[in-house]
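For reference, my_file-v3.txt is printed below; it contains compact mmCIF, C-alpha atoms and all ligand atoms.
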# COMPACT_ATOMS: atom_id res chain seq x y z
CA MET G 299 -18.19 -28.25 -14.84
CA ARG G 300 -14.66 -28.84 -13.57
CA ASN G 301 -14.25 -25.52 -11.76
CA PRO G 302 -17.30 -23.28 -11.31
CA PHE G 303 -15.23 -20.11 -10.85
CA ILE G 304 -15.00 -18.89 -14.41
CA VAL G 305 -11.86 -16.93 -15.21
CA SER G 306 -12.27 -16.33 -18.89
CA GLY G 307 -15.31 -15.42 -20.90
CA TYR G 308 -18.92 -15.88 -19.94
CA VAL G 309 -20.49 -19.30 -19.48
CA SER G 310 -24.05 -19.05 -18.16
CA PRO G 311 -26.19 -17.28 -15.53
CA GLU G 312 -25.41 -19.89 -12.83
CA TYR G 313 -21.75 -18.96 -12.84
CA PHE G 314 -22.31 -15.24 -13.16
CA CYS G 315 -22.60 -13.26 -9.95
CA ASP G 316 -25.28 -10.65 -9.44
CA ARG G 317 -25.32 -7.64 -11.81
CA GLU G 318 -29.09 -7.78 -11.52
CA LYS G 319 -29.64 -4.05 -11.32
CA GLU G 320 -27.17 -3.34 -14.11
CA SER G 321 -28.78 -6.00 -16.31
CA VAL G 322 -32.26 -4.52 -15.79
CA GLU G 323 -30.91 -1.08 -16.62
CA LEU G 324 -29.01 -2.21 -19.72
CA ILE G 325 -31.92 -4.23 -21.07
CA ARG G 326 -34.42 -1.47 -20.35
CA LYS G 327 -32.30 1.13 -22.13
CA VAL G 328 -31.57 -0.81 -25.28
CA THR G 329 -35.02 -2.32 -25.68
CA ASN G 330 -36.32 1.21 -25.34
CA GLY G 331 -34.15 2.22 -28.29
CA ASN G 332 -31.51 4.14 -26.34
CA ASN G 333 -27.81 3.84 -27.00
CA LEU G 334 -25.70 3.11 -23.96
CA VAL G 335 -22.13 3.81 -22.78
CA LEU G 336 -20.77 1.17 -20.42
CA ILE G 337 -17.66 2.15 -18.49
CA SER G 338 -15.55 0.31 -15.88
CA SER G 339 -11.96 -0.61 -15.12
CA ARG G 340 -10.60 -3.52 -17.07
CA ARG G 341 -11.69 -6.96 -15.88
CA MET G 342 -14.59 -5.64 -13.84
CA GLY G 343 -17.10 -7.46 -16.03
CA LYS G 344 -18.30 -5.30 -18.95
CA THR G 345 -18.06 -7.96 -21.61
CA GLY G 346 -19.61 -10.53 -19.30
CA LEU G 347 -22.51 -8.20 -18.55
CA ILE G 348 -23.16 -7.63 -22.26
CA GLU G 349 -23.18 -11.38 -22.96
CA HIS G 350 -25.33 -12.02 -19.90
CA CYS G 351 -27.91 -9.51 -21.15
CA PHE G 352 -27.74 -10.73 -24.75
CA GLY G 353 -28.73 -14.16 -23.41
CA ASN G 354 -31.70 -12.76 -21.49
CA GLU G 355 -35.14 -13.67 -22.84
CA ALA G 356 -35.95 -9.99 -23.38
CA ILE G 357 -33.22 -9.86 -26.03
CA ALA G 358 -32.27 -13.38 -27.20
CA GLY G 359 -34.36 -14.36 -30.20
CA ARG G 360 -36.04 -10.96 -30.39
CA TYR G 361 -33.02 -9.00 -31.59
CA TYR G 362 -29.99 -9.74 -33.68
CA THR G 363 -27.07 -9.11 -31.39
CA PHE G 364 -23.53 -8.39 -32.51
CA TYR G 365 -20.44 -7.93 -30.43
CA VAL G 366 -17.12 -6.52 -31.65
CA ASP G 367 -14.03 -5.85 -29.60
CA ILE G 368 -11.99 -3.18 -31.37
CA TYR G 369 -9.08 -3.11 -28.90
CA ALA G 370 -6.69 -4.48 -31.51
CA THR G 371 -7.86 -2.34 -34.43
CA SER G 372 -5.88 0.67 -35.54
CA ASN G 373 -7.84 2.29 -38.37
CA LEU G 374 -11.26 2.51 -40.01
CA GLN G 375 -10.40 -0.27 -42.43
CA GLU G 376 -9.80 -2.71 -39.58
CA PHE G 377 -12.92 -1.50 -37.78
CA VAL G 378 -15.02 -2.17 -40.87
CA PHE G 379 -13.38 -5.58 -41.31
CA LYS G 380 -14.16 -6.58 -37.71
CA LEU G 381 -17.74 -5.38 -37.84
CA GLY G 382 -18.41 -6.99 -41.23
CA LYS G 383 -16.89 -10.28 -40.12
CA GLU G 384 -18.83 -10.36 -36.85
CA ILE G 385 -22.12 -9.77 -38.64
CA PHE G 386 -21.28 -12.44 -41.20
CA GLU G 387 -20.25 -14.99 -38.55
CA SER G 388 -23.41 -14.55 -36.53
CA LEU G 389 -25.62 -14.83 -39.62
CA LYS G 390 -23.87 -17.82 -41.07
CA PRO G 391 -25.64 -20.43 -38.92
CA LYS G 392 -28.98 -19.05 -40.14
CA GLY G 393 -28.33 -20.35 -43.61
CA ARG G 394 -27.52 -19.39 -47.14
CA LYS G 395 -30.47 -17.00 -47.54
CA PHE G 396 -29.06 -14.73 -44.84
CA VAL G 397 -25.56 -14.90 -46.21
CA ASP G 398 -26.76 -13.98 -49.71
CA PHE G 399 -28.76 -11.05 -48.34
CA PHE G 400 -25.66 -9.88 -46.46
CA PHE G 401 -23.47 -9.85 -49.58
CA ASN G 402 -26.21 -8.35 -51.72
CA ILE G 403 -26.34 -5.29 -49.53
CA ILE G 404 -22.72 -5.14 -48.46
CA SER G 405 -21.56 -5.61 -52.02
CA SER G 406 -18.12 -4.16 -51.41
CA LEU G 407 -17.39 -7.19 -49.21
CA ARG G 408 -18.51 -9.68 -51.85
CA PRO G 409 -14.90 -10.69 -52.66
CA ALA G 410 -14.77 -12.07 -49.10
CA PHE G 411 -17.46 -14.63 -49.90
CA LYS G 412 -15.90 -18.04 -50.41
CA LEU G 413 -16.92 -21.62 -49.90
CA ASP G 414 -14.92 -23.86 -47.66
CA GLU G 415 -13.17 -26.43 -49.86
CA LYS G 416 -13.87 -29.33 -47.53
CA THR G 417 -17.31 -28.59 -46.12
CA GLY G 418 -18.80 -26.32 -48.78
CA ALA G 419 -19.91 -23.91 -46.03
CA PRO G 420 -19.70 -20.15 -46.71
CA ILE G 421 -16.65 -18.47 -45.22
CA PHE G 422 -15.57 -14.86 -44.87
CA ASP G 423 -12.11 -14.53 -46.27
CA ILE G 424 -10.67 -11.20 -47.25
CA GLY G 425 -7.39 -9.42 -46.63
CA ILE G 426 -7.90 -6.21 -44.69
CA GLY G 427 -6.06 -4.37 -47.49
CA GLU G 428 -8.72 -5.52 -49.95
CA ILE G 429 -11.29 -3.29 -48.24
CA ARG G 430 -10.47 -0.41 -50.53
CA SER G 431 -13.04 2.18 -49.49
CA PRO G 432 -13.84 1.56 -45.84
CA GLU G 433 -16.31 4.43 -45.76
CA VAL G 434 -18.37 2.86 -48.52
CA THR G 435 -18.31 -0.53 -46.80
CA LEU G 436 -19.28 1.12 -43.53
CA GLU G 437 -22.24 2.78 -45.18
CA GLU G 438 -23.32 -0.57 -46.61
CA ILE G 439 -23.00 -2.25 -43.21
CA PHE G 440 -25.28 0.34 -41.63
CA SER G 441 -27.70 -0.01 -44.49
CA TYR G 442 -27.71 -3.77 -43.90
CA LEU G 443 -28.44 -3.34 -40.19
CA GLU G 444 -31.31 -1.01 -40.99
CA ARG G 445 -32.86 -3.50 -43.39
CA ALA G 446 -32.52 -6.57 -41.19
CA ASP G 447 -35.81 -8.34 -40.44
CA LYS G 448 -35.34 -7.88 -36.70
CA GLN G 449 -34.01 -5.01 -34.63
CA CYS G 450 -30.27 -5.10 -34.09
CA ILE G 451 -28.08 -4.42 -31.07
CA VAL G 452 -24.43 -3.76 -31.79
CA ALA G 453 -21.99 -3.77 -28.88
CA ILE G 454 -18.65 -2.14 -29.62
CA ASP G 455 -16.17 -3.01 -26.90
CA GLU G 456 -13.12 -0.85 -26.12
CA PHE G 457 -14.74 1.92 -28.11
CA GLN G 458 -12.17 4.52 -26.98
CA GLN G 459 -9.80 2.86 -29.43
CA ILE G 460 -11.32 4.94 -32.27
CA ASN G 461 -9.35 7.87 -30.87
CA LYS G 462 -6.17 6.14 -31.98
CA TYR G 463 -7.30 5.83 -35.60
CA PRO G 464 -5.45 8.13 -38.00
CA GLU G 465 -8.69 9.23 -39.73
CA GLU G 466 -9.34 12.69 -38.38
CA ASN G 467 -13.10 12.81 -38.52
CA ILE G 468 -13.78 9.27 -37.36
CA GLU G 469 -16.17 10.27 -34.57
CA ALA G 470 -18.17 12.45 -36.95
CA ILE G 471 -18.33 9.70 -39.58
CA LEU G 472 -19.61 7.11 -37.12
CA ARG G 473 -21.96 9.52 -35.41
CA THR G 474 -23.57 10.52 -38.70
CA HIS G 475 -24.38 6.91 -39.53
CA ILE G 476 -25.52 6.02 -36.03
CA GLN G 477 -27.78 9.04 -35.79
CA ARG G 478 -29.75 7.82 -38.78
CA CYS G 479 -30.34 4.34 -37.36
CA ARG G 480 -33.93 3.44 -36.59
CA ASN G 481 -33.52 -0.31 -36.41
CA THR G 482 -30.24 -0.51 -34.50
CA VAL G 483 -29.15 0.32 -30.97
CA PHE G 484 -25.52 0.63 -29.89
CA ILE G 485 -23.70 -0.26 -26.70
CA TYR G 486 -20.29 1.39 -26.49
CA SER G 487 -18.12 -0.03 -23.77
CA GLY G 488 -14.66 0.94 -22.65
CA SER G 489 -12.19 0.85 -19.82
CA ARG G 490 -10.48 4.20 -20.30
CA ARG G 491 -12.79 6.32 -18.20
CA THR G 492 -11.46 9.74 -19.18
CA LEU G 493 -11.25 8.99 -22.88
CA MET G 494 -14.75 7.52 -22.89
CA GLN G 495 -16.20 10.41 -20.93
CA ASN G 496 -14.56 12.89 -23.29
CA ILE G 497 -16.10 11.18 -26.32
CA PHE G 498 -19.62 11.16 -24.90
CA PHE G 499 -19.82 14.04 -22.50
CA SER G 500 -17.72 16.87 -24.00
CA SER G 501 -20.00 19.33 -25.69
CA SER G 502 -17.62 19.86 -28.61
CA ARG G 503 -17.56 16.21 -29.65
CA PRO G 504 -19.88 14.51 -32.19
CA PHE G 505 -21.11 11.84 -29.75
CA TYR G 506 -22.02 14.42 -27.10
CA GLN G 507 -24.94 13.16 -25.00
CA SER G 508 -25.89 10.61 -27.62
CA ALA G 509 -25.97 7.73 -25.15
CA ALA G 510 -26.95 7.03 -21.55
CA LEU G 511 -24.17 6.15 -19.10
CA LEU G 512 -23.91 2.92 -17.13
CA SER G 513 -20.88 2.67 -14.81
CA LEU G 514 -19.95 -0.76 -13.60
CA GLU G 515 -18.56 -0.83 -10.07
CA ALA G 516 -17.47 -3.73 -7.85
CA ILE G 517 -20.10 -6.33 -6.98
CA ASN G 518 -21.43 -5.91 -3.43
CA GLU G 519 -19.25 -7.77 -0.89
CA LYS G 520 -22.03 -9.75 0.80
CA THR G 521 -23.53 -10.74 -2.54
CA TYR G 522 -20.20 -12.02 -3.79
CA ILE G 523 -19.51 -14.00 -0.60
CA LYS G 524 -22.86 -15.74 -0.87
CA PHE G 525 -22.30 -16.50 -4.55
CA ALA G 526 -18.82 -17.93 -3.90
CA GLN G 527 -20.03 -20.09 -1.01
CA GLN G 528 -22.72 -21.53 -3.23
CA LEU G 529 -20.22 -22.44 -5.94
CA PHE G 530 -17.89 -24.08 -3.42
CA SER G 531 -20.75 -26.12 -2.02
CA LEU G 532 -21.60 -27.37 -5.53
CA GLY G 533 -18.29 -29.22 -5.37
CA ASN G 534 -18.76 -30.26 -1.73
CA LYS G 535 -16.06 -27.84 -0.65
CA THR G 536 -16.19 -25.53 2.32
CA VAL G 537 -14.62 -22.12 2.52
CA LYS G 538 -15.11 -19.83 5.49
CA PRO G 539 -16.80 -16.57 4.56
CA ASP G 540 -13.83 -14.81 6.15
CA VAL G 541 -11.45 -16.13 3.50
CA ILE G 542 -13.73 -14.92 0.71
CA ARG G 543 -14.09 -11.57 2.45
CA LYS G 544 -10.32 -11.18 2.75
CA THR G 545 -9.87 -11.96 -0.93
CA TYR G 546 -12.60 -9.49 -1.82
CA ARG G 547 -10.95 -6.78 0.24
CA LEU G 548 -7.41 -7.46 -0.96
CA PHE G 549 -8.58 -6.78 -4.53
CA GLU G 550 -11.19 -4.19 -3.55
CA GLY G 551 -13.93 -6.21 -5.17
CA HIS G 552 -12.23 -6.23 -8.58
CA THR G 553 -14.15 -9.12 -10.14
CA TRP G 554 -11.65 -11.08 -12.21
CA TYR G 555 -8.93 -11.04 -9.52
CA ILE G 556 -11.26 -12.43 -6.88
CA GLN G 557 -12.60 -15.03 -9.28
CA ALA G 558 -9.04 -16.06 -10.17
CA ILE G 559 -8.15 -16.65 -6.50
CA MET G 560 -11.41 -18.50 -5.83
CA ASN G 561 -10.69 -20.64 -8.87
CA GLU G 562 -7.23 -21.43 -7.48
CA LEU G 563 -8.63 -22.22 -4.02
CA TYR G 564 -11.24 -24.50 -5.50
CA SER G 565 -8.54 -26.53 -7.16
CA LEU G 566 -6.41 -26.64 -4.00
CA LEU G 567 -9.23 -27.87 -1.80
CA ASP G 568 -9.92 -31.53 -1.29
CA ASP G 569 -13.53 -32.44 -0.72
CA PHE G 570 -14.83 -31.52 2.72
CA LYS G 571 -11.54 -30.07 3.97
CA PRO G 572 -12.29 -26.51 5.05
CA CYS G 573 -10.07 -23.84 3.59
CA ALA G 574 -7.52 -22.26 5.89
CA VAL G 575 -5.96 -18.83 5.54
CA LYS G 576 -2.65 -20.51 4.74
CA MET G 577 -4.22 -22.09 1.72
CA PHE G 578 -5.47 -18.70 0.64
CA GLN G 579 -1.96 -17.33 0.78
CA GLN G 580 -0.75 -20.26 -1.26
CA ALA G 581 -3.45 -19.54 -3.84
CA VAL G 582 -2.38 -15.90 -4.20
CA ALA G 583 1.32 -16.81 -4.39
CA ASP G 584 0.70 -19.55 -6.99
CA ARG G 585 -1.43 -17.32 -9.15
CA ILE G 586 1.09 -14.51 -9.13
CA ALA G 587 4.03 -16.82 -9.76
CA SER G 588 2.27 -18.21 -12.82
CA TYR G 589 2.51 -14.81 -14.52
CA GLU G 590 6.14 -14.15 -13.63
CA SER G 591 7.59 -14.50 -17.13
CA LEU G 592 4.93 -12.12 -18.44
CA TYR G 593 5.86 -9.53 -15.80
CA LEU G 594 9.56 -9.87 -16.55
CA GLY G 595 8.76 -9.34 -20.21
CA THR G 596 6.87 -6.14 -19.42
CA LEU G 597 9.73 -4.82 -17.28
CA ASN G 598 12.20 -5.61 -20.04
CA LEU G 599 10.47 -3.17 -22.36
CA LEU G 600 10.67 -0.26 -19.90
CA SER G 601 13.43 2.31 -19.47
CA ASP G 602 15.16 2.71 -16.11
CA ARG G 603 13.17 5.84 -15.30
CA GLN G 604 9.88 4.19 -16.15
CA LYS G 605 10.74 1.19 -13.98
CA GLU G 606 11.74 3.38 -11.04
CA LEU G 607 8.39 5.12 -11.14
CA LEU G 608 6.52 1.85 -11.52
CA TYR G 609 8.29 0.37 -8.46
CA ALA G 610 7.55 3.51 -6.46
CA ILE G 611 3.85 3.34 -7.29
CA ALA G 612 3.73 -0.41 -6.55
CA ARG G 613 5.43 0.15 -3.20
CA GLU G 614 2.78 2.65 -2.15
CA GLY G 615 -0.13 0.65 -3.56
CA LYS G 616 -2.18 3.78 -4.06
CA ALA G 617 0.30 6.53 -4.86
CA MET G 618 -0.79 10.12 -4.37
CA GLU G 619 0.91 13.33 -5.53
CA ILE G 620 3.51 11.50 -7.55
CA PHE G 621 4.91 14.73 -9.03
CA SER G 622 5.55 16.28 -5.63
CA GLY G 623 9.07 16.80 -4.30
CA ASP G 624 8.17 14.64 -1.36
CA PHE G 625 7.23 11.61 -3.47
CA ILE G 626 10.28 12.08 -5.70
CA ARG G 627 12.63 12.25 -2.69
CA ARG G 628 10.97 9.40 -0.87
CA HIS G 629 11.60 7.05 -3.78
CA GLY G 630 14.87 8.53 -5.02
CA LEU G 631 13.37 9.42 -8.40
CA HIS G 632 15.12 11.61 -10.96
CA SER G 633 12.99 14.73 -11.44
CA ALA G 634 9.39 15.90 -11.71
CA GLY G 635 9.85 16.15 -15.48
CA SER G 636 10.98 12.55 -15.86
CA VAL G 637 8.16 11.36 -13.58
CA GLN G 638 5.69 13.17 -15.82
CA THR G 639 7.04 11.64 -19.04
CA SER G 640 7.22 8.17 -17.49
CA ALA G 641 3.72 8.40 -15.99
CA LYS G 642 2.29 9.36 -19.37
CA TYR G 643 4.00 6.39 -21.00
CA LEU G 644 2.94 3.91 -18.33
CA ILE G 645 -0.67 5.11 -18.50
CA ASP G 646 -0.67 4.93 -22.27
CA LYS G 647 0.53 1.33 -22.12
CA ASP G 648 -2.12 0.44 -19.50
CA ILE G 649 0.60 -0.45 -16.97
CA ILE G 650 -0.57 2.07 -14.41
CA THR G 651 -3.88 3.86 -14.15
CA LYS G 652 -5.13 7.01 -12.51
CA GLU G 653 -8.24 6.87 -10.35
CA ASP G 654 -9.64 9.94 -8.63
CA ASN G 655 -6.54 11.32 -6.92
CA PHE G 656 -4.16 8.36 -6.92
CA TYR G 657 -2.19 6.12 -9.26
CA LEU G 658 -1.97 2.35 -9.06
CA VAL G 659 -0.57 -0.58 -11.03
CA TYR G 660 -3.36 -1.51 -13.41
CA ASP G 661 -2.99 -5.28 -13.16
CA ARG G 662 -3.50 -6.02 -9.48
CA PHE G 663 -1.52 -9.28 -9.56
CA PHE G 664 1.38 -7.44 -11.20
CA GLY G 665 1.11 -4.84 -8.43
CA LEU G 666 1.45 -7.55 -5.76
CA TRP G 667 4.33 -9.19 -7.62
CA LEU G 668 6.15 -5.84 -7.83
CA GLN G 669 5.56 -5.25 -4.13
CA LYS G 670 7.08 -8.61 -3.39
CA HIS G 671 10.13 -8.19 -5.60
CA PHE G 672 10.80 -4.46 -5.42
CA GLY G 673 9.05 -3.44 -2.25
CA THR G 674 8.68 -5.14 1.09
CA GLY G 675 9.81 -8.52 -0.21
CA LEU G 676 6.56 -10.07 0.96
CA LEU G 677 3.11 -10.61 -0.33
CA PRO G 678 0.67 -8.65 1.82
CA VAL G 679 -0.39 -10.68 4.83
CA ILE G 680 -4.09 -10.65 5.32
N1 LIG L 701 -20.64 -11.07 -12.61
C1 LIG L 701 -19.59 -11.88 -12.66
N2 LIG L 701 -19.60 -13.06 -12.00
C2 LIG L 701 -18.54 -13.89 -12.03
N3 LIG L 701 -17.41 -13.61 -12.69
C3 LIG L 701 -17.34 -12.46 -13.37
C4 LIG L 701 -18.41 -11.54 -13.41
N4 LIG L 701 -18.05 -10.49 -14.15
C5 LIG L 701 -16.80 -10.74 -14.56
N5 LIG L 701 -16.36 -11.92 -14.12
C6 LIG L 701 -15.03 -12.51 -14.30
O1 LIG L 701 -14.14 -11.51 -14.66
C7 LIG L 701 -13.59 -11.79 -15.95
C8 LIG L 701 -13.45 -10.49 -16.68
O2 LIG L 701 -14.74 -10.01 -17.03
P1 LIG L 701 -14.97 -9.25 -18.40
O3 LIG L 701 -14.13 -9.79 -19.47
O4 LIG L 701 -16.42 -9.21 -18.58
O5 LIG L 701 -14.43 -7.82 -17.95
P2 LIG L 701 -14.21 -6.51 -18.83
O6 LIG L 701 -14.62 -5.39 -17.97
O7 LIG L 701 -14.86 -6.68 -20.15
O8 LIG L 701 -12.63 -6.53 -18.98
P3 LIG L 701 -11.72 -5.90 -20.16
O9 LIG L 701 -11.78 -4.43 -20.00
O10 LIG L 701 -10.35 -6.47 -19.83
O11 LIG L 701 -12.26 -6.36 -21.47
C9 LIG L 701 -14.53 -12.79 -16.57
O12 LIG L 701 -13.88 -13.66 -17.46
C10 LIG L 701 -15.00 -13.56 -15.38
O13 LIG L 701 -14.02 -14.51 -15.04
MG MG L 702 -14.10 -6.65 -22.11

Represent the supplied structure as structure tokens.
Amino acid sequence: MRNPFIVSGYVSPEYFCDREKESVELIRKVTNGNNLVLISSRRMGKTGLIEHCFGNEAIAGRYYTFYVDIYATSNLQEFVFKLGKEIFESLKPKGRKFVDFFFNIISSLRPAFKLDEKTGAPIFDIGIGEIRSPEVTLEEIFSYLERADKQCIVAIDEFQQINKYPEENIEAILRTHIQRCRNTVFIYSGSRRTLMQNIFFSSSRPFYQSAALLSLEAINEKTYIKFAQQLFSLGNKTVKPDVIRKTYRLFEGHTWYIQAIMNELYSLLDDFKPCAVKMFQQAVADRIASYESLYLGTLNLLSDRQKELLYAIAREGKAMEIFSGDFIRRHGLHSAGSVQTSAKYLIDKDIITKEDNFYLVYDRFFGLWLQKHFGTGLLPVI
């Protein structure tokens, strides 16, 4: 292991911090046959938690587990494609018998069945447009899951995306199938809190109270500090708890951001040289600078009004009452109307987010970069 602070994907329990209570809860719910809604901000660790639990002995080997991220899908056809492909890919290693059973039941996907020219191994190859009746294919997929020789767990990540599909009755269609499942449990996860809550907890919606809620918050500060110290010591590196604590607090315990800085620090540290605060500041500056072209690209796509509002929110860090005359005057913004339109756009594009009673830049590194370039001119000193 070159750097034990993992910054993309899930590797194994040793490099995964805590989430013990959440794992017990998730495993208990799904093995008990209950569907689950998992909600947190982006990059808090939903996908990691799902993978961590899927690898647990209570699930691995006992259930077939499937994971689909539907963030990039925009209609039922693409949803069905993703789900079908994921099931196929996870069955493929089990051999031809499983693949044949898959295409026997999901016959509308049979045109996707091809053999790799070089290796002779089965491959799934179909144009999305070739899925002519997605509702039929969907029905077949559910029928397959119900007939599998083990119980199935299907995790659908970024589930709120179904609200963007043009099909009007998408929730009702999915709900009808899911309601009939006896052999399959679902985990719906998502980062848009309000959208997710509306799907599952509004009494007028098909999914109303059909799943238990698990909210993922920041990992406990002390637990994270201990975890990070352990990983540093694996590489004979020493970091004062204070530096880890400061990082934790700067990002309010937001998992990926802390991990990214720890990862940077790990690479900056020579063996046995204890980490100084200066090095920490270097790590934050380096990390943020590495995304600069991405941030400039994002800004390029925004109108002047949208940018003004974004800078104003970044300057305040946590911006409250952004439609008030006071906020508008303080930042020289145009009008309450333009702030409203811009805020809606920025939220829709995941550039800012609304929590409780304040707004903030969604990507915390982007927030710091904006503060440096359009605010105080400095990175926050900690
Ligand atoms: N418990 C953990 N221990 C260590 N690192 C973690 C943990 N949880 C998350 N991470 C780190 O944060 C990153 C983001 O986690 P993950 O992808 O699970 O978040 P997410 O909530 O699914 O985000 P998104 O909404 O963007 O999909 C991981 O790649 C990993 O680097
Ligand atoms: Mg995720």

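Nearest residue to Phe621 (chain G), choosing from G:Thr482, G:Gln449, G:Gln638, G:Asn354 and counting all atoms listed in the file: G:Gln638.
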
Residues within 10 Å of (-16.7, -0.6, -31.6), file coords, only C-alpha atoms, listed as a ChimeraX atom specification:
/G:365-369,371,377-378,380-381,452-460,472,484-488

Store the residues picked out above, limited to C-alpha atoms, as a CSV table (one decimal), in the coordinates of the input.
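Everything below was put into out-v4.csv:
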chain,number,residue,atom,x,y,z
G,365,TYR,CA,-20.4,-7.9,-30.4
G,366,VAL,CA,-17.1,-6.5,-31.6
G,367,ASP,CA,-14.0,-5.8,-29.6
G,368,ILE,CA,-12.0,-3.2,-31.4
G,369,TYR,CA,-9.1,-3.1,-28.9
G,371,THR,CA,-7.9,-2.3,-34.4
G,377,PHE,CA,-12.9,-1.5,-37.8
G,378,VAL,CA,-15.0,-2.2,-40.9
G,380,LYS,CA,-14.2,-6.6,-37.7
G,381,LEU,CA,-17.7,-5.4,-37.8
G,452,VAL,CA,-24.4,-3.8,-31.8
G,453,ALA,CA,-22.0,-3.8,-28.9
G,454,ILE,CA,-18.6,-2.1,-29.6
G,455,ASP,CA,-16.2,-3.0,-26.9
G,456,GLU,CA,-13.1,-0.8,-26.1
G,457,PHE,CA,-14.7,1.9,-28.1
G,458,GLN,CA,-12.2,4.5,-27.0
G,459,GLN,CA,-9.8,2.9,-29.4
G,460,ILE,CA,-11.3,4.9,-32.3
G,472,LEU,CA,-19.6,7.1,-37.1
G,484,PHE,CA,-25.5,0.6,-29.9
G,485,ILE,CA,-23.7,-0.3,-26.7
G,486,TYR,CA,-20.3,1.4,-26.5
G,487,SER,CA,-18.1,0.0,-23.8
G,488,GLY,CA,-14.7,0.9,-22.6

Quote the spacing between CA of Ile556 (chain G) and CA of Ala510 (chain G) in Å to one decimal place.
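If I compute the distance from CA of Ile556 (chain G) to CA of Ala510 (chain G), I get 29.0 Å.
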
Restricting the calculation to all atoms listed in the file: of G:Ile348, G:Ala558, G:Leu592, G:Ala370, which residue gets closest to ligand MG 702 (chain L)?
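Closest candidate: G:Ile348.
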
Could you list, as a list in words, all protein and nucleic acid residues with an atom at most 6 Å from ligand LIG 701 (chain L), counting all atoms listed in the file?
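The residues within 6 Å of ligand LIG 701 (chain L), counting all atoms listed in the file, are Ile304, Val305, Ser306, Gly307, Phe314, Cys315, Asp316, Arg317, Arg340, Arg341, Met342, Gly343, Lys344, Thr345, Gly346, Ser489, Thr553, Trp554 and Gln557 of chain G.
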
Taking C-alpha atoms for each residue, export the selection above as an mmCIF file, in the coordinates of the input.
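Generated output (again.cif):
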data_model
loop_
_atom_site.group_PDB
_atom_site.id
_atom_site.type_symbol
_atom_site.label_atom_id
_atom_site.label_comp_id
_atom_site.auth_asym_id
_atom_site.auth_seq_id
_atom_site.Cartn_x
_atom_site.Cartn_y
_atom_site.Cartn_z
ATOM 1 C CA ILE G 304 -15.000 -18.890 -14.410
ATOM 2 C CA VAL G 305 -11.860 -16.930 -15.210
ATOM 3 C CA SER G 306 -12.270 -16.330 -18.890
ATOM 4 C CA GLY G 307 -15.310 -15.420 -20.900
ATOM 5 C CA PHE G 314 -22.310 -15.240 -13.160
ATOM 6 C CA CYS G 315 -22.600 -13.260 -9.950
ATOM 7 C CA ASP G 316 -25.280 -10.650 -9.440
ATOM 8 C CA ARG G 317 -25.320 -7.640 -11.810
ATOM 9 C CA ARG G 340 -10.600 -3.520 -17.070
ATOM 10 C CA ARG G 341 -11.690 -6.960 -15.880
ATOM 11 C CA MET G 342 -14.590 -5.640 -13.840
ATOM 12 C CA GLY G 343 -17.100 -7.460 -16.030
ATOM 13 C CA LYS G 344 -18.300 -5.300 -18.950
ATOM 14 C CA THR G 345 -18.060 -7.960 -21.610
ATOM 15 C CA GLY G 346 -19.610 -10.530 -19.300
ATOM 16 C CA SER G 489 -12.190 0.850 -19.820
ATOM 17 C CA THR G 553 -14.150 -9.120 -10.140
ATOM 18 C CA TRP G 554 -11.650 -11.080 -12.210
ATOM 19 C CA GLN G 557 -12.600 -15.030 -9.280
#

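When CA of Tyr564 (chain G) is paired with CA of Gln527 (chain G), their separation reads 10.8 Å.
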
I'd like the contact shell of Thr474 (chain G) - 12 Å cut-off, all atoms listed in the file, skipping same-chain residues fewer than 3 positions apart - returned as a list in words.
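In the requested form, the answer reads Glu433, Leu436, Glu437, Phe440, Asn467, Ile468, Glu469, Ala470, Ile471, Gln477, Arg478, Cys479, Pro504, Phe505 and Ser508 of chain G.
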
Take the residues from that selection and put them in a file with C-alpha atoms, as a PDB file, keeping the file's coordinate frame.
ATOM      1  CA  GLU G 433     -16.310   4.430 -45.760  1.00  0.00           C
ATOM      2  CA  LEU G 436     -19.280   1.120 -43.530  1.00  0.00           C
ATOM      3  CA  GLU G 437     -22.240   2.780 -45.180  1.00  0.00           C
ATOM      4  CA  PHE G 440     -25.280   0.340 -41.630  1.00  0.00           C
ATOM      5  CA  ASN G 467     -13.100  12.810 -38.520  1.00  0.00           C
ATOM      6  CA  ILE G 468     -13.780   9.270 -37.360  1.00  0.00           C
ATOM      7  CA  GLU G 469     -16.170  10.270 -34.570  1.00  0.00           C
ATOM      8  CA  ALA G 470     -18.170  12.450 -36.950  1.00  0.00           C
ATOM      9  CA  ILE G 471     -18.330   9.700 -39.580  1.00  0.00           C
ATOM     10  CA  GLN G 477     -27.780   9.040 -35.790  1.00  0.00           C
ATOM     11  CA  ARG G 478     -29.750   7.820 -38.780  1.00  0.00           C
ATOM     12  CA  CYS G 479     -30.340   4.340 -37.360  1.00  0.00           C
ATOM     13  CA  PRO G 504     -19.880  14.510 -32.190  1.00  0.00           C
ATOM     14  CA  PHE G 505     -21.110  11.840 -29.750  1.00  0.00           C
ATOM     15  CA  SER G 508     -25.890  10.610 -27.620  1.00  0.00           C
TER      16      SER G 508
END

Which is closest to Phe352 (chain G) among G:Tyr660, G:Phe499, G:Tyr308, G:Phe578, if we use only C-alpha atoms?
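Nearest candidate to Phe352 (chain G) out of G:Tyr660, G:Phe499, G:Tyr308, G:Phe578: G:Tyr308.
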
Point-to-point distance from CA of Ser622 (chain G) to CA of Leu607 (chain G), Å rounded to tenths
12.8 Å
